[in-house]
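Visitor: Have a peek at structure.tsv (TSV, C-alpha atoms and all ligand atoms).
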chain	number	residue	atom	x	y	z
A	1	MET	CA	128.74	89.21	126.84
A	2	THR	CA	131.41	86.60	126.22
A	3	GLU	CA	130.56	83.50	128.14
A	4	ASN	CA	132.14	80.45	126.65
A	5	PHE	CA	135.58	79.72	125.35
A	6	ALA	CA	137.33	76.90	123.58
A	7	VAL	CA	141.08	76.46	124.00
A	8	ILE	CA	142.89	74.32	121.45
A	9	GLY	CA	146.31	73.03	122.54
A	10	LEU	CA	147.06	72.34	126.18
A	11	GLY	CA	150.76	73.17	126.37
A	12	ARG	CA	151.86	75.48	129.18
A	13	PHE	CA	150.22	78.57	127.66
A	14	GLY	CA	146.94	76.95	126.59
A	15	ALA	CA	146.63	75.12	129.90
A	16	SER	CA	147.07	78.29	131.92
A	17	VAL	CA	144.57	80.22	129.74
A	18	ALA	CA	142.00	77.42	130.05
A	19	LYS	CA	142.44	77.10	133.82
A	20	ALA	CA	142.29	80.84	134.43
A	21	LEU	CA	139.09	81.23	132.38
A	22	TYR	CA	137.44	78.31	134.14
A	23	GLU	CA	138.43	79.65	137.55
A	24	MET	CA	136.90	83.00	136.58
A	25	GLY	CA	133.59	81.21	136.06
A	26	TYR	CA	133.49	80.85	132.28
A	27	GLU	CA	132.50	77.73	130.42
A	28	VAL	CA	135.65	76.28	128.84
A	29	MET	CA	136.05	73.46	126.36
A	30	ALA	CA	139.68	72.34	126.06
A	31	VAL	CA	140.90	70.40	123.04
A	32	ASP	CA	144.15	68.53	122.51
A	33	LYS	CA	145.18	65.71	120.23
A	34	ASP	CA	147.39	64.17	122.90
A	35	PRO	CA	145.37	61.70	125.03
A	36	TYR	CA	147.71	62.16	128.03
A	37	ARG	CA	147.18	65.93	128.05
A	38	VAL	CA	143.44	65.35	127.81
A	39	GLN	CA	143.52	62.94	130.73
A	40	ASP	CA	145.50	65.41	132.87
A	41	PHE	CA	142.85	68.03	132.22
A	42	SER	CA	139.75	65.96	132.91
A	43	GLN	CA	138.98	67.60	136.28
A	44	ILE	CA	140.17	71.09	135.41
A	45	VAL	CA	137.76	72.62	132.86
A	46	THR	CA	134.10	72.18	131.85
A	47	HIS	CA	134.81	69.71	129.01
A	48	VAL	CA	138.03	68.33	127.64
A	49	VAL	CA	138.11	66.58	124.30
A	50	GLU	CA	140.71	64.60	122.41
A	51	ALA	CA	140.69	65.81	118.80
A	52	ASP	CA	143.04	66.93	116.05
A	53	SER	CA	142.13	70.53	115.26
A	54	THR	CA	143.46	70.25	111.71
A	55	ASP	CA	140.53	67.92	111.03
A	56	GLU	CA	137.63	70.14	109.99
A	57	ASN	CA	134.99	67.48	110.57
A	58	ALA	CA	136.26	66.86	114.09
A	59	LEU	CA	136.00	70.57	114.91
A	60	ARG	CA	132.51	70.79	113.41
A	61	ALA	CA	131.43	67.76	115.40
A	62	LEU	CA	132.53	69.57	118.58
A	63	GLY	CA	130.21	72.45	117.73
A	64	ILE	CA	133.16	74.82	117.84
A	65	ASN	CA	131.15	77.54	116.08
A	66	ASN	CA	128.97	77.84	119.19
A	67	PHE	CA	131.88	79.26	121.19
A	68	ASP	CA	132.23	83.01	121.56
A	69	ILE	CA	136.04	82.95	121.49
A	70	VAL	CA	138.41	80.21	120.42
A	71	VAL	CA	142.02	80.40	121.60
A	72	VAL	CA	144.52	78.48	119.46
A	73	ALA	CA	147.53	77.71	121.64
A	74	ILE	CA	149.59	75.49	119.35
A	75	GLY	CA	153.03	77.04	119.20
A	76	GLU	CA	155.63	74.63	117.93
A	77	ASP	CA	153.74	73.16	115.01
A	78	ILE	CA	153.22	76.31	112.93
A	79	GLN	CA	151.50	74.43	110.14
A	80	SER	CA	148.86	73.04	112.52
A	81	SER	CA	148.38	76.44	114.09
A	82	ILE	CA	147.74	78.06	110.69
A	83	MET	CA	145.51	75.25	109.44
A	84	THR	CA	143.46	75.30	112.63
A	85	THR	CA	142.99	79.07	112.39
A	86	LEU	CA	141.92	78.79	108.76
A	87	ILE	CA	139.44	76.01	109.50
A	88	LEU	CA	137.95	78.06	112.35
A	89	GLN	CA	137.41	80.92	109.90
A	90	GLU	CA	135.81	78.55	107.40
A	91	ILE	CA	133.48	77.19	110.04
A	92	GLY	CA	132.48	80.73	110.96
A	93	VAL	CA	133.99	81.22	114.42
A	94	LYS	CA	133.86	85.00	114.89
A	95	ARG	CA	136.65	85.60	117.37
A	96	VAL	CA	139.88	83.65	117.14
A	97	VAL	CA	142.90	84.43	119.33
A	98	VAL	CA	146.12	82.69	118.39
A	99	LYS	CA	149.50	82.23	120.02
A	100	ALA	CA	152.32	82.89	117.56
A	101	LYS	CA	155.89	81.71	117.69
A	102	ASN	CA	157.40	84.61	115.74
A	103	ASP	CA	156.52	87.71	113.72
A	104	LEU	CA	156.11	85.93	110.42
A	105	HIS	CA	153.80	83.37	111.96
A	106	GLY	CA	151.82	86.25	113.50
A	107	LYS	CA	151.52	88.07	110.16
A	108	VAL	CA	150.14	84.98	108.46
A	109	LEU	CA	147.63	84.52	111.28
A	110	TYR	CA	146.35	88.09	110.91
A	111	LYS	CA	146.08	87.66	107.13
A	112	ILE	CA	143.88	84.61	107.52
A	113	GLY	CA	141.55	86.38	109.92
A	114	ALA	CA	142.80	85.96	113.49
A	115	GLU	CA	141.30	88.72	115.63
A	116	LYS	CA	144.29	88.85	117.93
A	117	VAL	CA	147.73	87.31	117.90
A	118	VAL	CA	149.71	86.93	121.12
A	119	TYR	CA	153.42	86.30	121.62
A	120	PRO	CA	153.72	85.13	125.23
A	121	GLU	CA	157.38	84.12	125.12
A	122	ARG	CA	158.50	87.34	123.46
A	123	ASP	CA	156.40	89.53	125.77
A	124	MET	CA	157.62	87.79	128.90
A	125	GLY	CA	161.21	88.02	127.63
A	126	LEU	CA	160.84	91.78	127.19
A	127	ARG	CA	159.35	92.16	130.65
A	128	VAL	CA	162.20	90.27	132.25
A	129	VAL	CA	164.78	92.31	130.32
A	130	HIS	CA	163.24	95.61	131.44
A	131	ASN	CA	163.24	94.43	135.01
A	132	LEU	CA	166.86	93.31	134.77
A	133	ILE	CA	168.06	96.55	133.20
A	134	SER	CA	166.24	98.69	135.70
A	135	PRO	CA	165.17	97.03	138.96
A	136	ASN	CA	162.82	99.99	139.52
A	137	ILE	CA	160.74	98.81	136.59
A	138	LEU	CA	158.33	96.39	138.20
A	139	ASP	CA	156.27	95.59	135.15
A	140	TYR	CA	156.11	96.42	131.51
A	141	ILE	CA	153.33	96.07	128.93
A	142	GLU	CA	153.97	96.78	125.27
A	143	LEU	CA	150.96	98.62	123.81
A	144	ALA	CA	152.17	99.14	120.26
A	145	GLU	CA	155.56	98.95	118.60
A	146	ASP	CA	156.91	102.09	120.31
A	147	TYR	CA	154.51	102.66	123.19
A	148	SER	CA	154.30	100.94	126.56
A	149	ILE	CA	152.92	101.11	130.06
A	150	ILE	CA	155.44	100.66	132.87
A	151	GLU	CA	155.14	100.29	136.61
A	152	ILE	CA	158.02	102.17	138.16
A	153	SER	CA	158.98	102.34	141.81
A	154	ALA	CA	159.40	106.03	142.70
A	155	GLY	CA	162.97	106.94	143.67
A	156	ASP	CA	164.54	110.17	144.99
A	157	TYR	CA	163.59	112.18	141.91
A	158	PHE	CA	159.88	111.80	142.68
A	159	ASP	CA	160.04	111.86	146.48
A	160	GLY	CA	157.89	114.54	148.13
A	161	LYS	CA	156.87	116.20	144.85
A	162	SER	CA	153.39	116.70	143.45
A	163	LEU	CA	152.50	115.72	139.89
A	164	GLU	CA	152.32	119.44	139.08
A	165	GLN	CA	155.87	120.00	140.36
A	166	LEU	CA	157.16	116.95	138.53
A	167	ASP	CA	155.43	117.95	135.30
A	168	VAL	CA	156.14	114.54	133.81
A	169	ARG	CA	153.85	115.32	130.91
A	170	SER	CA	155.79	118.26	129.51
A	171	LEU	CA	159.27	117.21	130.66
A	172	PHE	CA	159.06	113.60	129.55
A	173	GLY	CA	155.95	113.42	127.33
A	174	CYS	CA	154.53	110.63	129.54
A	175	ASN	CA	151.31	110.33	131.47
A	176	VAL	CA	151.02	109.08	135.06
A	177	MET	CA	147.87	106.94	134.98
A	178	ALA	CA	147.81	105.67	138.55
A	179	ILE	CA	149.74	105.85	141.82
A	180	LYS	CA	149.92	102.89	144.20
A	181	SER	CA	150.85	103.65	147.80
A	182	GLY	CA	150.89	100.42	149.80
A	183	LYS	CA	147.46	98.88	149.31
A	184	ARG	CA	145.82	102.11	148.12
A	185	ILE	CA	145.56	102.79	144.41
A	186	ASN	CA	144.80	106.25	143.12
A	187	ILE	CA	143.43	105.71	139.62
A	188	ALA	CA	142.66	109.35	138.91
A	189	PRO	CA	145.76	111.24	140.04
A	190	MET	CA	145.37	115.01	140.40
A	191	ALA	CA	147.98	117.71	139.88
A	192	ASN	CA	148.38	118.27	143.64
A	193	ASP	CA	148.79	114.56	144.56
A	194	VAL	CA	152.19	114.09	146.20
A	195	ILE	CA	154.40	111.10	145.48
A	196	HIS	CA	156.60	109.42	148.07
A	197	LYS	CA	159.65	107.27	147.56
A	198	GLY	CA	158.55	103.64	147.12
A	199	ASP	CA	155.14	104.53	145.65
A	200	VAL	CA	154.51	102.71	142.42
A	201	LEU	CA	153.65	104.84	139.40
A	202	VAL	CA	151.84	103.42	136.39
A	203	VAL	CA	153.11	105.46	133.46
A	204	ILE	CA	152.17	105.38	129.78
A	205	GLY	CA	154.36	106.81	127.03
A	206	HIS	CA	156.70	106.42	124.08
A	207	ASN	CA	159.47	103.94	124.89
A	208	ASP	CA	162.19	106.61	124.45
A	209	ASP	CA	160.43	108.95	126.87
A	210	LEU	CA	159.84	106.18	129.39
A	211	LEU	CA	163.54	105.35	129.21
A	212	ARG	CA	164.46	108.99	129.94
A	213	LEU	CA	162.13	108.93	132.91
A	214	GLU	CA	163.62	105.63	134.15
A	215	LYS	CA	167.12	107.09	133.97
A	216	ARG	CA	166.09	110.17	135.90
A	217	ASN	CA	164.50	108.14	138.65
A	301	LIG	P1	153.86	75.85	125.46
A	301	LIG	O1	155.13	76.62	125.23
A	301	LIG	O2	152.68	76.70	125.74
A	301	LIG	O3	154.01	74.70	126.41
A	301	LIG	P2	154.12	75.09	122.73
A	301	LIG	O4	154.12	76.42	122.11
A	301	LIG	O5	155.41	74.36	122.82
A	301	LIG	O6	153.44	75.12	124.13
A	301	LIG	P3	153.08	72.83	121.51
A	301	LIG	O7	153.79	71.95	122.48
A	301	LIG	O8	153.44	72.82	120.09
A	301	LIG	O9	153.04	74.30	121.99
A	301	LIG	O10	151.54	72.48	121.55
A	301	LIG	C1	150.78	72.69	122.66
A	301	LIG	C2	149.73	71.61	122.70
A	301	LIG	O11	149.00	71.61	121.48
A	301	LIG	C3	150.28	70.19	122.87
A	301	LIG	O12	149.67	69.62	124.00
A	301	LIG	C4	149.88	69.47	121.60
A	301	LIG	O13	149.48	68.12	121.84
A	301	LIG	C5	148.69	70.29	121.13
A	301	LIG	N1	148.51	70.20	119.69
A	301	LIG	C6	149.43	70.36	118.72
A	301	LIG	N2	148.88	70.21	117.49
A	301	LIG	C7	147.55	69.96	117.71
A	301	LIG	C8	146.45	69.69	116.86
A	301	LIG	N3	146.58	69.65	115.53
A	301	LIG	N4	145.24	69.46	117.42
A	301	LIG	C9	145.08	69.50	118.75
A	301	LIG	N5	146.09	69.73	119.61
A	301	LIG	C10	147.31	69.95	119.11
Mind turning the file's structure into structure tokens?
Ligand code: ATP
Guide:
Amino acid sequence: MTENFAVIGLGRFGASVAKALYEMGYEVMAVDKDPYRVQDFSQIVTHVVEADSTDENALRALGINNFDIVVVAIGEDIQSSIMTTLILQEIGVKRVVVKAKNDLHGKVLYKIGAEKVVYPERDMGLRVVHNLISPNILDYIELAEDYSIIEISAGDYFDGKSLEQLDVRSLFGCNVMAIKSGKRINIAPMANDVIHKGDVLVVIGHNDDLLRLEKRN
């Protein structure tokens, strides 16, 4: 089981990852080269260290290879982000998650061995756009290039109909994964479960099909 994490770079993204992990009970070492950031973080995670992650010896001295997952959250300085990721590979860190600024940056990171690349600004931008275009779309998660999961507030089209009657799977090629009604969540919806206006449906599908469903709602 994953138990300890290191987070390198305490900008907005890195800081929120480090805090959230610590609050969930994990051991977190936070690293930043900026002494002011380090000072701000002194009470927030298990350890906070001032170090430049492009310095291999500094990372070795921190025992970074003892951490199960290292998150590299340096966004602006692409060169430092790439060098840090490379050094972590050299040192033998098994699982490295890196924040990328753009697609090209992300491709390089995968090539040099990052396990996962995240694009927080792009993903949040997409979520906001979906919500603006269709206020019924409450949330949006991109799964792959063309596939997503959306949370959609049921409108008139769904009201009073069972999943069997709606037949979302054959009409729209999408799958209803869960139905939220107030505080209750049905995570294994059955064909005869009836949906009411205002229920929230969690739907997975191809983006084109999800869009057709959104329009119908
Ligand atoms: P965000 O949008 O999440 O606020 P960002 O993408 O703008 O952040 P940066 O501001 O470039 O990211 O960097 C985040 C943090 O990483 C900063 O606090 C910076 O001091 C730190 N940082 C940058 N380079 C290094 C490095 N080589 N070693 C350690 N920390 C670094």
Visitor: Let me have all residues with an atom within 8 Å of ligand LIG 301 (chain A), counting only C-alpha atoms and all ligand atoms, laid out as number ranges by chain.
Guide: A: 8-15, 31-34, 37, 50-55, 73-78, 80-81, 84, 99, 101, 121
Visitor: For Arg122 of chain A, which of A:Ala100, A:Leu138, A:His105, A:Leu201 is the closest residue, counting only C-alpha atoms?
Guide: A:Ala100
Visitor: Quote the spacing between atom CA of Asp199 of chain A and atom CA of Arg169 of chain A in Å to one decimal place.
Guide: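 Interatomic distance, atom CA of Asp199 of chain A to atom CA of Arg169 of chain A: 18.3 Å.
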Visitor: Tell me, as a PDB file with C-alpha atoms, in the coordinates of the input, which residues lie within 10 Å of segment 188-190 of chain A, counting all atoms listed in the file; anything in the same chain fewer than 4 positions away does not count.
Guide:
ATOM      1  CA  SER A 162     153.390 116.700 143.450  1.00  0.00           C
ATOM      2  CA  LEU A 163     152.500 115.720 139.890  1.00  0.00           C
ATOM      3  CA  GLU A 164     152.320 119.440 139.080  1.00  0.00           C
ATOM      4  CA  VAL A 176     151.020 109.080 135.060  1.00  0.00           C
ATOM      5  CA  MET A 177     147.870 106.940 134.980  1.00  0.00           C
ATOM      6  CA  ALA A 178     147.810 105.670 138.550  1.00  0.00           C
ATOM      7  CA  ILE A 179     149.740 105.850 141.820  1.00  0.00           C
ATOM      8  CA  VAL A 194     152.190 114.090 146.200  1.00  0.00           C
TER       9      VAL A 194
END
Visitor: May I have the residues within 10 Å of Ile64 of chain A as a list in words, using only C-alpha atoms and disregarding those fewer than 5 positions away in the same chain?
Guide: Phe5, Ala6, Met29, Ala58, Leu59, Ile69, Val70, Leu88, Ile91, Gly92 and Val93 of chain A
Visitor: I'd like the contact shell of Leu126 of chain A - 12 Å cut-off, only C-alpha atoms, skipping same-chain residues fewer than 5 positions apart - returned as a PyMOL selection string.
Guide: chain A and resi 119-121+131-133+137+139-142+148+150
Visitor: So how far away is atom CA of Val17 of chain A from atom CA of Ser153 of chain A, in Å?
Guide: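 So the two atoms, atom CA of Ser153 of chain A and atom CA of Val17 of chain A, lie 29.0 Å apart.
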